[in-house]
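Here is the structure we will look at.
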Amino acid sequence: MTMGTPSDVLPCPICHRAGLVSETLDHFWSAMCSDDNCIVIGRYFSDRDAALRIWNSRGPASVAALAGQLLSDSMNAAVAA
Ligand SMILES: [Zn+2]
């Protein structure tokens with residue numbers, strides 16, 4: 001595991017695996033579940049704390065909204081790729 005799972009990153013609200021906050025090659029930060037098939041916060045942040053804050057603050061109530069966002073973001077990503 002090269003990205004690391006700092007103890008300040010809360011587990012995934014859906015599958016309870018470890019959450020990850022990782023830096024992109026462009027020096028943006030995103031948060032995601034450590035399971036590639038689970039959930040990703042489909043936004044990038046200019047600093048780690050912002051990504052971490054968003055990941056840690058989303059409760060179960062926001063997961064549905066997040067999933068909707070996820071869907072549109074992954075379609076955008078597919079188009080961009
Ligand atoms: Zn998960």
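Starting from 1 in every chain, residues are counted up; chains themselves are A, B, ... following the order of the structure tokens, and ligands are numbered from 1 as listed.
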
Can you pull out every residue with an atom within 6 Å of ligand 1? Use only C-alpha atoms and all ligand atoms and format it as a JSON list (two decimals) with C-alpha atoms, in the first residue's frame.
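out_23.json, freshly written:
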[["chain", "number", "residue", "atom", "x", "y", "z"],
["A", 12, "CYS", "CA", -15.87, 4.33, 4.10],
["A", 14, "ILE", "CA", -20.73, 2.22, 2.80],
["A", 15, "CYS", "CA", -18.41, -0.76, 3.12],
["A", 16, "HIS", "CA", -16.33, 0.34, 6.14],
["A", 17, "ARG", "CA", -13.04, -0.31, 4.44],
["A", 33, "CYS", "CA", -12.74, 4.29, -0.54],
["A", 35, "ASP", "CA", -12.08, -0.47, -2.62],
["A", 38, "CYS", "CA", -16.94, 1.45, -4.04],
["A", 39, "ILE", "CA", -17.11, 5.20, -3.61]]

Contact residues around Ala31 of chain A with only C-alpha atoms at 10 Å, ignoring same-chain residues under 4 positions, as a short mmCIF file (atom, residue, chain, number, x, y, z; two decimals) with N, CA and C atoms, in the first residue's frame:
data_model
loop_
_atom_site.label_atom_id
_atom_site.label_comp_id
_atom_site.auth_asym_id
_atom_site.auth_seq_id
_atom_site.Cartn_x
_atom_site.Cartn_y
_atom_site.Cartn_z
N VAL A 9 -8.13 9.58 8.51
CA VAL A 9 -9.10 9.39 7.44
C VAL A 9 -10.13 8.38 7.92
N GLY A 19 -10.63 4.54 4.29
CA GLY A 19 -10.68 5.62 3.33
C GLY A 19 -9.27 6.03 2.93
N LEU A 20 -9.15 6.60 1.76
CA LEU A 20 -7.86 7.07 1.28
C LEU A 20 -7.96 8.53 0.87
N VAL A 21 -6.94 9.29 1.19
CA VAL A 21 -6.83 10.63 0.62
C VAL A 21 -5.53 10.61 -0.15
N SER A 22 -5.60 10.88 -1.42
CA SER A 22 -4.40 10.74 -2.23
C SER A 22 -4.17 11.97 -3.09
N GLU A 23 -2.92 12.17 -3.45
CA GLU A 23 -2.53 13.31 -4.25
C GLU A 23 -2.37 12.86 -5.70
N ILE A 39 -16.72 3.80 -3.47
CA ILE A 39 -17.11 5.20 -3.61
C ILE A 39 -15.89 6.12 -3.70
N VAL A 40 -16.07 7.16 -4.48
CA VAL A 40 -15.04 8.17 -4.62
C VAL A 40 -15.71 9.52 -4.43
N ILE A 41 -15.06 10.41 -3.69
CA ILE A 41 -15.53 11.79 -3.67
C ILE A 41 -15.08 12.38 -5.00
N GLY A 42 -16.05 12.62 -5.88
CA GLY A 42 -15.69 12.98 -7.25
C GLY A 42 -15.27 14.41 -7.43
N ARG A 43 -14.48 14.89 -6.51
CA ARG A 43 -14.00 16.26 -6.62
C ARG A 43 -12.53 16.27 -6.23
N TYR A 44 -11.84 17.25 -6.75
CA TYR A 44 -10.44 17.41 -6.41
C TYR A 44 -10.25 18.71 -5.67
N PHE A 45 -9.34 18.68 -4.73
CA PHE A 45 -9.12 19.82 -3.87
C PHE A 45 -7.65 20.22 -3.95
N ARG A 48 -4.78 18.84 0.96
CA ARG A 48 -5.17 17.58 1.57
C ARG A 48 -6.26 17.77 2.62
N ALA A 50 -8.67 19.88 2.81
CA ALA A 50 -9.99 20.09 2.23
C ALA A 50 -10.59 18.75 1.80
N ALA A 51 -9.81 17.93 1.13
CA ALA A 51 -10.30 16.62 0.71
C ALA A 51 -10.67 15.77 1.92
N LEU A 52 -9.82 15.83 2.92
CA LEU A 52 -10.04 15.06 4.14
C LEU A 52 -11.31 15.51 4.86
N ARG A 53 -11.50 16.82 4.89
CA ARG A 53 -12.66 17.38 5.58
C ARG A 53 -13.95 16.90 4.92
N ILE A 54 -13.97 16.93 3.60
CA ILE A 54 -15.16 16.49 2.87
C ILE A 54 -15.41 15.00 3.11
N TRP A 55 -14.34 14.22 3.01
CA TRP A 55 -14.50 12.78 3.20
C TRP A 55 -15.00 12.47 4.61
N ASN A 56 -14.41 13.11 5.59
CA ASN A 56 -14.75 12.82 6.98
C ASN A 56 -16.11 13.38 7.39
#
